[in-house]
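Colleague: Handing you a structure now.
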Amino acid sequence: MGNRSSNHQNQKIGHETRCPNCDRKFGSSTTYNVLNSHIDQCLQHAQIQNQMGFQMPQPQLQLGDNYIWIKQNNKWKRVQSQVNGGQIQNLKPIDIQKRSFAEKQVWFNMQLEKFRIPWQLGSDKLIVNQNDLLFSSLNSARGVDFYKEVKVVFQNDKVQDAGGLLREWLTLIFKEMCKEIFVLTETNDVSYKIAKQSFYFDLVGLAIAKALFERMTICVELDRPLIKKLLGQEVTLQDIEFYDKGLYLSWKYLLDNQFDENLLQQYFIICKDDEIIELKQDGANILVNNQNKQEFIDLCIKFYTEKLISNQLHQIQTNLYKYVPKEYLSIFTAEEFEMLLYGVSLIDLDEWKQHSIYKQPYSDNNQQIIWFWKILSEFDQDQLKKFLHYCTGSYRIPINGFSKLESNRGMYSKFQIVPIEYKNANSFPIAHTCFNRLELPKYSTEEIMRKYLRSIVLNDLEGVFGME
């Protein structure tokens with residue numbers, strides 16, 4: 001299901017708990033297997049259709065909180081947004097391309113929903129070994145239909161997946177890929193570019209496809225030229241600023257200034273790993289001058305962003321387009337697609353609080369809830385992201401914000417805080433990532449609560465899925 005707590009080694013859950021969906025109570029002697037089986041069945045019964053046959057899920061267009069997050073001039077802001085999906089759902093890609101980002105997002109999600117295989121027809125399992133994360137993920141993913149509901153199974157873990165582990169899996173594999181097959185760009189931003197040849201780029205394409213299909217975000221940012229290649233768009237000199245700032249400044253200076261070609265002594269070649277590569281036929285004998293410098297720069301851009309990574313790019317595109325048609329991606333600008341794929345990098349605590357719900361006796365005015373938000377207000381952005389990840393399985397929220405957090409199967413599920421008894425043996429909050437639900441013990445003092453909440457963000461609890 002995707003639950004977190006401080007310990008998950010015992011076969012019995014060891015304390016009273018409730019089903020996050022139907023609130024049924026389970027005693028301390030209940031085994032993980034019994035609890036998880038109930039939750040899985042409960043989720044299925046909760047969504048049985050009354051009518052005969054299967055009904056394709058429909059995007060939720062009733063925007064009770066009508067806003068989306070948009071990044072402009074490198075700053076995030078919330079803007080009002082209300083889209084009538086019925087008026088745009090039949091538009092062609094070339095027509096929706098001219099609309100607002102909010103309309104594009106709704107249209108894009110509606111088109112992808114047409115491919116979804118209803119969960120009633122079964123799910124596929126993605127079996128993962130955390131000791132060999134990328135290899136096991138790719139090996140299993142090759143046999144999975146990502147149009148179906150995918151349940152992630154971490155080997156030797158007792159907990160079943162109801163949506164939360166899929167988000168966690170996306171986080172884990174992209175972090176691992178940043179160590180193995182990507183490298184930091186030479187820019188002021190923390191973004192990544194392709195580093196080497198690897199069959200794991202098949203997995204990159206599949207993971208991006210599944211994230212888009214399920215309206216989830218990924219935890220790393222990729223270089224702008226790669227994003228434009230995925231959208232089928234040409235890379236420009238301005239894009240190189242998000243790939244290698246040194247190259248960008250060098251080429252821009254060359255383009256903006258007049259010079260003596262004999263003093264420059266630059267030929268149509270690139271020196272890469274002690275190898276001289278000609279950018280065009282007989283390039284080693286062609287000097288760059290004021291008349292052909294634009295061609296030289298264009299060929300350099302093509303080499304770095306296309307020829308140098310042609311195999312890796314083909315792998316990503318082939319596996320991405322298998323599930324997300326290229327013509328659907330082409331409606332977005334690079335900036336829009338990045339917002340869709342990465343989500344919102346800013347955690348607005350006021351927004352989080354505004355769109356949270358509580359189970360009695362917890363409420364806005366409850367002392368524990370007041371302490372809770374006060375303690376979170378003391379966290380910096382990195383700590384808030386860690387805490388969000390602990391609660392939801394993701395470091396970022398989608399562009400629709402906290403008002404549109406989703407559980408599994410695309411249902412809206414706002415962040416919920418539920419009271420549980422405070423016991424020394426079960427002091428940490430328990431997070432049900434599949435439901436965006438946090439079971440918060442009734443701590444007796446603010447300091448005790450602070451101790452445990454800070455422990456969550458100061459310790460590495462990544463990959464802990466057990467239920468205490």
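Starting from 1 in every chain, residues are counted up; chains themselves are A, B, ... following the order of the structure tokens, and ligands are numbered from 1 as listed.
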Select from range 319-391 of chain A everything DSSP, run on the backbone, classes as helix (DSSP H, G or I), then give the selection as a ChimeraX atom specification.

Modeller: /A:319-321,326-329,334-342,349-354,367-377,381-391

Colleague: Find the residues near range 111-119 of chain A: any atom within 6 Å, counting only C-alpha atoms, skip ones fewer than 3 places away on the same chain, and give them as an MDAnalysis selection string.

Modeller: chainID A and resid 108 122 147:149

Colleague: Please produce a file of those selected residues containing all heavy atoms, as a short mmCIF file (atom, residue, chain, number, x, y, z; two decimals), in the first residue's frame.

Modeller:
```cif
data_model
loop_
_atom_site.label_atom_id
_atom_site.label_comp_id
_atom_site.auth_asym_id
_atom_site.auth_seq_id
_atom_site.Cartn_x
_atom_site.Cartn_y
_atom_site.Cartn_z
N PHE A 108 -4.46 17.13 -22.69
CA PHE A 108 -3.44 16.08 -22.69
C PHE A 108 -3.87 14.92 -21.79
O PHE A 108 -3.82 13.74 -22.20
CB PHE A 108 -2.12 16.67 -22.21
CG PHE A 108 -0.97 15.70 -22.14
CD1 PHE A 108 -0.34 15.28 -23.30
CD2 PHE A 108 -0.50 15.23 -20.92
CE1 PHE A 108 0.74 14.39 -23.24
CE2 PHE A 108 0.57 14.36 -20.85
CZ PHE A 108 1.19 13.94 -22.02
N GLY A 122 -7.70 -6.11 -14.32
CA GLY A 122 -6.47 -6.66 -13.74
C GLY A 122 -5.33 -5.66 -13.76
O GLY A 122 -5.37 -4.64 -14.43
N TYR A 147 -0.26 0.87 -19.59
CA TYR A 147 -1.62 1.39 -19.68
C TYR A 147 -2.51 0.77 -18.60
O TYR A 147 -3.62 1.25 -18.35
CB TYR A 147 -2.23 1.08 -21.04
CG TYR A 147 -1.72 1.96 -22.16
CD1 TYR A 147 -1.57 1.46 -23.45
CD2 TYR A 147 -1.43 3.31 -21.95
CE1 TYR A 147 -1.12 2.26 -24.49
CE2 TYR A 147 -0.98 4.12 -22.98
CZ TYR A 147 -0.82 3.59 -24.25
OH TYR A 147 -0.39 4.39 -25.29
N LYS A 148 -2.03 -0.28 -17.96
CA LYS A 148 -2.78 -0.94 -16.90
C LYS A 148 -2.37 -0.36 -15.55
O LYS A 148 -1.40 0.38 -15.44
CB LYS A 148 -2.51 -2.45 -16.92
CG LYS A 148 -2.94 -3.14 -18.20
CD LYS A 148 -2.54 -4.60 -18.22
CE LYS A 148 -3.35 -5.43 -17.25
NZ LYS A 148 -3.04 -6.89 -17.39
N GLU A 149 -3.12 -0.71 -14.52
CA GLU A 149 -2.69 -0.37 -13.17
C GLU A 149 -1.45 -1.18 -12.84
O GLU A 149 -1.42 -2.40 -13.03
CB GLU A 149 -3.81 -0.69 -12.17
CG GLU A 149 -3.45 -0.33 -10.74
CD GLU A 149 -4.62 -0.54 -9.80
OE1 GLU A 149 -5.49 0.35 -9.72
OE2 GLU A 149 -4.67 -1.59 -9.14
#
```

Colleague: Hey, which of A:Asn319, A:Gln258, A:Gln291, A:Gln105 ends up closest to Ala209 in chain A? Count only C-alpha atoms.

Modeller: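 That would be A:Asn319, the residue with the smallest distance to Ala209 in chain A.
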
Colleague: Quick one: residues within 12 Å of Glu447 in chain A, only C-alpha atoms, excluding same-chain residues fewer than 3 positions away - as a list of chain:residue names?

Modeller: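 Final neighbour list, sorted by chain and number: A:Gln368, A:Trp371, A:Phe372, A:Lys374, A:Ile375, A:Tyr443, A:Ser444, A:Arg450, A:Lys451, A:Tyr452, A:Leu453, A:Arg454.
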
Colleague: Those residues with all heavy atoms, as a short mmCIF file (atom, residue, chain, number, x, y, z; two decimals), in the first residue's frame please?

Modeller:
```cif
data_model
loop_
_atom_site.label_atom_id
_atom_site.label_comp_id
_atom_site.auth_asym_id
_atom_site.auth_seq_id
_atom_site.Cartn_x
_atom_site.Cartn_y
_atom_site.Cartn_z
N GLN A 368 -2.79 19.71 19.02
CA GLN A 368 -1.78 18.96 18.27
C GLN A 368 -1.64 19.47 16.83
O GLN A 368 -0.54 19.52 16.28
CB GLN A 368 -2.11 17.46 18.26
CG GLN A 368 -1.72 16.72 19.52
CD GLN A 368 -2.79 16.76 20.58
OE1 GLN A 368 -3.85 17.36 20.37
NE2 GLN A 368 -2.56 16.11 21.71
N TRP A 371 0.30 22.71 16.89
CA TRP A 371 1.73 22.39 17.04
C TRP A 371 2.31 21.89 15.71
O TRP A 371 3.41 22.27 15.32
CB TRP A 371 1.93 21.30 18.09
CG TRP A 371 1.65 21.73 19.50
CD1 TRP A 371 1.62 23.00 19.98
CD2 TRP A 371 1.36 20.87 20.60
NE1 TRP A 371 1.33 22.99 21.33
CE2 TRP A 371 1.17 21.71 21.74
CE3 TRP A 371 1.24 19.50 20.76
CZ2 TRP A 371 0.87 21.19 23.00
CZ3 TRP A 371 0.96 18.97 22.01
CH2 TRP A 371 0.77 19.81 23.12
N PHE A 372 1.55 21.02 15.05
CA PHE A 372 2.02 20.41 13.82
C PHE A 372 2.42 21.46 12.79
O PHE A 372 3.52 21.44 12.24
CB PHE A 372 0.93 19.48 13.25
CG PHE A 372 1.26 18.86 11.93
CD1 PHE A 372 2.03 17.71 11.86
CD2 PHE A 372 0.79 19.43 10.74
CE1 PHE A 372 2.34 17.13 10.64
CE2 PHE A 372 1.09 18.84 9.51
CZ PHE A 372 1.87 17.70 9.47
N LYS A 374 2.92 24.65 13.25
CA LYS A 374 3.96 25.52 13.78
C LYS A 374 5.34 24.90 13.57
O LYS A 374 6.29 25.58 13.15
CB LYS A 374 3.73 25.78 15.27
CG LYS A 374 4.80 26.66 15.91
CD LYS A 374 4.57 26.83 17.40
CE LYS A 374 5.70 27.67 18.02
NZ LYS A 374 5.53 27.79 19.50
N ILE A 375 5.44 23.61 13.83
CA ILE A 375 6.72 22.91 13.65
C ILE A 375 7.11 22.87 12.18
O ILE A 375 8.27 23.11 11.82
CB ILE A 375 6.64 21.48 14.24
CG1 ILE A 375 6.46 21.56 15.76
CG2 ILE A 375 7.88 20.67 13.89
CD1 ILE A 375 6.05 20.25 16.40
N TYR A 443 0.57 13.50 20.67
CA TYR A 443 1.70 13.84 21.53
C TYR A 443 1.25 14.75 22.67
O TYR A 443 0.41 15.63 22.48
CB TYR A 443 2.79 14.54 20.71
CG TYR A 443 3.37 13.69 19.61
CD1 TYR A 443 3.12 13.99 18.27
CD2 TYR A 443 4.18 12.59 19.90
CE1 TYR A 443 3.66 13.22 17.25
CE2 TYR A 443 4.72 11.81 18.88
CZ TYR A 443 4.46 12.14 17.56
OH TYR A 443 4.99 11.37 16.56
N SER A 444 1.85 14.55 23.83
CA SER A 444 1.43 15.31 25.02
C SER A 444 2.03 16.71 25.07
O SER A 444 1.47 17.60 25.72
CB SER A 444 1.81 14.55 26.29
OG SER A 444 3.21 14.28 26.32
N ARG A 450 7.86 17.83 18.09
CA ARG A 450 8.97 18.39 17.33
C ARG A 450 10.10 17.38 17.16
O ARG A 450 10.70 17.25 16.09
CB ARG A 450 9.48 19.66 17.99
CG ARG A 450 10.66 20.31 17.25
CD ARG A 450 11.09 21.61 17.88
NE ARG A 450 10.13 22.69 17.59
CZ ARG A 450 9.25 23.17 18.46
NH1 ARG A 450 9.21 22.66 19.70
NH2 ARG A 450 8.42 24.13 18.13
N LYS A 451 10.37 16.64 18.23
CA LYS A 451 11.44 15.63 18.21
C LYS A 451 11.21 14.61 17.10
O LYS A 451 12.12 14.30 16.33
CB LYS A 451 11.51 14.93 19.56
CG LYS A 451 12.42 13.71 19.60
CD LYS A 451 12.32 13.00 20.94
CE LYS A 451 13.12 11.70 20.93
NZ LYS A 451 12.96 10.97 22.22
N TYR A 452 9.98 14.12 16.99
CA TYR A 452 9.71 13.06 16.02
C TYR A 452 9.54 13.61 14.60
O TYR A 452 9.97 12.96 13.63
CB TYR A 452 8.49 12.25 16.45
CG TYR A 452 8.79 11.38 17.64
CD1 TYR A 452 8.28 11.69 18.90
CD2 TYR A 452 9.64 10.28 17.52
CE1 TYR A 452 8.58 10.91 20.00
CE2 TYR A 452 9.94 9.49 18.61
CZ TYR A 452 9.41 9.81 19.85
OH TYR A 452 9.73 9.04 20.94
N LEU A 453 8.94 14.77 14.45
CA LEU A 453 8.80 15.33 13.11
C LEU A 453 10.16 15.73 12.54
O LEU A 453 10.43 15.52 11.35
CB LEU A 453 7.87 16.54 13.13
CG LEU A 453 6.41 16.30 13.52
CD1 LEU A 453 5.57 17.55 13.25
CD2 LEU A 453 5.82 15.11 12.80
N ARG A 454 11.01 16.28 13.38
CA ARG A 454 12.34 16.64 12.91
C ARG A 454 13.17 15.40 12.58
O ARG A 454 14.01 15.42 11.69
CB ARG A 454 13.07 17.51 13.95
CG ARG A 454 12.55 18.93 14.01
CD ARG A 454 13.43 19.81 14.88
NE ARG A 454 14.78 19.92 14.34
CZ ARG A 454 15.13 20.73 13.36
NH1 ARG A 454 14.24 21.52 12.78
NH2 ARG A 454 16.40 20.78 12.93
#
```

Colleague: Could you pull the residues within 10 Å of range 228-231 of chain A, counting only C-alpha atoms, minus those fewer than 6 positions along the same chain, as a VMD selection string?

Modeller: chain A and resid 205 239 305 to 306 313 to 314 316 to 318 320 to 321 326 to 335 337 to 338

Colleague: Write out the residues from the selection above, keeping C-alpha atoms, as a short mmCIF file (atom, residue, chain, number, x, y, z; two decimals), in the first residue's frame.

Modeller:
```
data_model
loop_
_atom_site.label_atom_id
_atom_site.label_comp_id
_atom_site.auth_asym_id
_atom_site.auth_seq_id
_atom_site.Cartn_x
_atom_site.Cartn_y
_atom_site.Cartn_z
CA GLY A 205 11.50 6.48 -21.44
CA ASP A 239 18.67 26.26 -24.95
CA THR A 305 22.40 17.48 -28.46
CA GLU A 306 21.76 14.89 -31.15
CA LEU A 313 17.92 9.58 -27.33
CA HIS A 314 16.44 6.88 -29.55
CA ILE A 316 14.17 7.22 -24.50
CA GLN A 317 11.96 8.36 -27.37
CA THR A 318 11.03 4.83 -28.48
CA LEU A 320 8.19 7.11 -24.22
CA TYR A 321 6.27 7.27 -27.51
CA LYS A 326 4.66 12.21 -29.87
CA GLU A 327 1.95 14.39 -31.40
CA TYR A 328 0.41 14.84 -27.93
CA LEU A 329 3.74 15.96 -26.49
CA SER A 330 4.29 18.40 -29.32
CA ILE A 331 1.52 20.70 -28.05
CA PHE A 332 3.70 21.92 -25.18
CA THR A 333 6.54 24.39 -25.11
CA ALA A 334 9.64 23.14 -23.30
CA GLU A 335 8.81 25.32 -20.29
CA PHE A 337 6.34 20.36 -20.39
CA GLU A 338 8.89 20.87 -17.61
#
```

Colleague: From the options A:Leu138, A:Cys219, A:Val418, A:Ile397, which residue's atoms come nearest to Asp348 in chain A, counting only C-alpha atoms?

Modeller: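 With only C-alpha atoms as the atom set, the closest residue is A:Ile397.
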
Colleague: My list of candidates is A:Lys245, A:Lys293, A:Arg167, A:Lys98. Which is closest to Glu214 in chain A when distances are computed with only C-alpha atoms?

Modeller: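 Distance minimum relative to Glu214 in chain A lands on A:Arg167.
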
Colleague: Which is closer to Tyr323 in chain A than all the others in A:Leu166, A:Val150, A:Ile194, A:Leu212, using only C-alpha atoms?

Modeller: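 Once distances to Tyr323 in chain A are computed over only C-alpha atoms, the minimum belongs to A:Leu212.
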
Colleague: At what distance in Å, to one decimal, does CA of Ile227 in chain A lie from CA of Thr185 in chain A?

Modeller: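 A separation of 13.6 Å between them.
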
Colleague: If we count only C-alpha atoms, what is near range 85-97 of chain A at a cut-off of 6 Å, once residues fewer than 2 positions away on the same chain are taken out, given as a ChimeraX atom specification?

Modeller: /A:83,99,107,331

Colleague: Please, could you write that set of residues out with N, CA and C atoms as an mmCIF file, in the first residue's frame?

Modeller:
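Output file selection_27.cif follows:
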```cif
data_model
loop_
_atom_site.group_PDB
_atom_site.id
_atom_site.type_symbol
_atom_site.label_atom_id
_atom_site.label_comp_id
_atom_site.auth_asym_id
_atom_site.auth_seq_id
_atom_site.Cartn_x
_atom_site.Cartn_y
_atom_site.Cartn_z
ATOM 1 N N VAL A 83 -11.213 25.302 -16.677
ATOM 2 C CA VAL A 83 -11.229 24.782 -18.040
ATOM 3 C C VAL A 83 -12.451 23.900 -18.245
ATOM 4 N N ARG A 99 -3.703 27.049 -27.503
ATOM 5 C CA ARG A 99 -4.463 27.400 -26.302
ATOM 6 C C ARG A 99 -3.545 27.648 -25.103
ATOM 7 N N TRP A 107 -6.513 18.866 -21.779
ATOM 8 C CA TRP A 107 -6.653 18.124 -23.039
ATOM 9 C C TRP A 107 -5.707 16.928 -23.068
ATOM 10 N N ILE A 331 2.366 19.525 -28.310
ATOM 11 C CA ILE A 331 1.519 20.701 -28.048
ATOM 12 C C ILE A 331 2.156 21.641 -27.034
#
```

Colleague: Which residues come within 10 Å of Gln360 in chain A, counting only C-alpha atoms, excluding same-chain residues fewer than 6 positions away, as a PDB file with N, CA and C atoms, in the first residue's frame?

Modeller:
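This is the output file part.pdb:
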```
ATOM      1  N   ASN A 366      -7.457  22.220  17.126  1.00  0.00           N
ATOM      2  CA  ASN A 366      -6.900  21.230  18.055  1.00  0.00           C
ATOM      3  C   ASN A 366      -5.444  21.572  18.375  1.00  0.00           C
ATOM      4  N   ILE A 417      -4.876  14.308   8.119  1.00  0.00           N
ATOM      5  CA  ILE A 417      -4.207  13.963   9.375  1.00  0.00           C
ATOM      6  C   ILE A 417      -5.209  13.257  10.267  1.00  0.00           C
ATOM      7  N   VAL A 418      -4.822  12.071  10.714  1.00  0.00           N
ATOM      8  CA  VAL A 418      -5.698  11.213  11.509  1.00  0.00           C
ATOM      9  C   VAL A 418      -5.059  10.973  12.882  1.00  0.00           C
ATOM     10  N   PRO A 419      -5.809  11.070  13.957  1.00  0.00           N
ATOM     11  CA  PRO A 419      -5.224  10.854  15.292  1.00  0.00           C
ATOM     12  C   PRO A 419      -5.023   9.377  15.605  1.00  0.00           C
TER      13      PRO A 419
END
```

Colleague: What does the distance from CA of Glu241 in chain A to CA of Val183 in chain A come to in Å, to one decimal?

Modeller: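 Taking CA of Glu241 in chain A as the start and CA of Val183 in chain A as the end point, the length is 15.9 Å.
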
Colleague: Set the distance at 7 Å and use only C-alpha atoms: which residues neighbour range 387-392 of chain A once local chain neighbours fewer than 6 positions away are removed? I'd like the list as a list in words.

Modeller: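 Those residues are Gly164, Ala431, His432, Thr433, Cys434, Asn436, Arg437, Leu438, Ile456 and Val457 of chain A.
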
Colleague: Quick one, how far is CA of Phe154 in chain A from CA of Leu126 in chain A?

Modeller: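 CA of Leu126 in chain A lies 8.4 Å from CA of Phe154 in chain A.
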